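Trainee: My questions all concern the structure below.
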Amino acid sequence: MTVGEAMERAAALRPGDAIADSTKHAWLRELDGTLRAQLFGPGSGAGFQSAGADLSWNGGLDDGVELLVPAPFDRLYPHYLCAMIDGALGEIDRYSGEMSQYNSMLAEFTLWLRRRRPPRPARVKW
């Protein structure tokens with residue numbers, strides 16, 4: 001999913017919101033940076049090194065920038081943006097619902113990653 005696609009889907013779910021696009025771009029950059037730090041350690045992100053709003057940030061984002069999480073798990077981005085919009089506007093119930101959906105989709109993605117890339121066995125010396 002690209003930045004533009006995520007923004008379009010979020011706009012369809014929250015038409016007429018008063019949040020600037022630059023703020024939404026910053027949220028996407030922060031999310032991709034957080035996901036990269038939490039899910040991909042140094043050298044473990046093969047296939048994910050070139051994607052992500054955090055890597056393409058230059059004071060803003062182009063709508064064609066590819067986001068970090070691949071399809072079909074990329075549907076988490078519009079829900080994350082909606083949650084951030086709802087939180088910023090004080091819509092706590094809507095925020096909670098959107099974050100529940102986002103967290104569920106993120107859990108699916110992390111399970112897929114774990115199955116695809118099992119952790120390396122650790123060697124322990126006694």
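Residues are named by chain letter and number: chains run A, B, ... in the order of the structure tokens, numbers start at 1 in each chain, and ligands are numbered from 1 in the order shown.
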Show me, as a PyMOL selection string, the residues that have an atom within 7 Å of range 96-108 of chain A when counting only C-alpha atoms, minus same-chain residues fewer than 5 positions from it.
Mentor: chain A and resi 73+76+79-80+82-83
Trainee: Any idea what's packed within 12 Å of Ala20 in chain A, counting only C-alpha atoms, ignoring anything in its chain fewer than 6 positions away? Could you give it as an MDAnalysis selection string?
Mentor: chainID A and resid 7 11 26:27 60 81 85 88
Trainee: Those selected residues, please, written with N, CA and C atoms and delivered as a compact mmCIF listing (two decimals), in the first residue's frame.
Mentor:
```
# COMPACT_ATOMS: atom_id res chain seq x y z
N MET A 7 -4.03 7.17 2.78
CA MET A 7 -4.70 8.44 3.05
C MET A 7 -6.11 8.45 2.44
N ALA A 11 -9.53 8.77 4.50
CA ALA A 11 -10.44 9.88 4.18
C ALA A 11 -11.85 9.36 3.89
N ALA A 26 3.30 12.43 9.01
CA ALA A 26 4.19 12.23 10.16
C ALA A 26 3.77 10.99 10.95
N TRP A 27 2.47 10.76 11.10
CA TRP A 27 2.00 9.56 11.80
C TRP A 27 2.43 8.29 11.07
N GLY A 60 8.43 15.50 4.50
CA GLY A 60 7.11 15.15 4.00
C GLY A 60 7.20 13.85 3.22
N LEU A 81 -4.50 5.37 10.93
CA LEU A 81 -4.75 6.79 10.68
C LEU A 81 -6.08 7.24 11.27
N ILE A 85 -6.65 10.10 14.07
CA ILE A 85 -7.58 11.21 13.83
C ILE A 85 -8.59 11.29 14.97
N ALA A 88 -6.98 12.54 18.16
CA ALA A 88 -6.69 13.97 18.10
C ALA A 88 -7.95 14.81 18.25
```
Trainee: So, with only C-alpha atoms as the atoms that count, which of A:Thr2, A:Ser22, A:Thr110, A:Thr34 lies closest to Val65 in chain A?
Mentor: A:Thr2
Trainee: Excluding same-chain residues fewer than 6 positions from Asp86 in chain A, what lies within 8 Å of it counting only C-alpha atoms, as JSON, numbers by chain?
Mentor: {"A": [92, 94, 95]}
Trainee: Hey, which of A:Gly90, A:Gly52, A:Pro118, A:Gly16 ends up closest to Arg29 in chain A? Count only C-alpha atoms.
Mentor: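 Ranking A:Gly90, A:Gly52, A:Pro118, A:Gly16 by distance to Arg29 in chain A, first place goes to A:Gly52.
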Trainee: Which residues are close to Met1 in chain A, i.e. within 12 Å by only C-alpha atoms, leaving aside same-chain residues fewer than 4 positions away? Reply as a count of residues only.
Mentor: 25
Trainee: I'd like the interatomic distance between CA of Leu111 in chain A and CA of Ala37 in chain A, to a tenth of an Å.
Mentor: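 Distance reported for this atom pair: 16.6 Å.
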Trainee: From chain A, collect each residue whose DSSP state is helix (DSSP H, G or I) and return the set as a count of residues only.
Mentor: 75
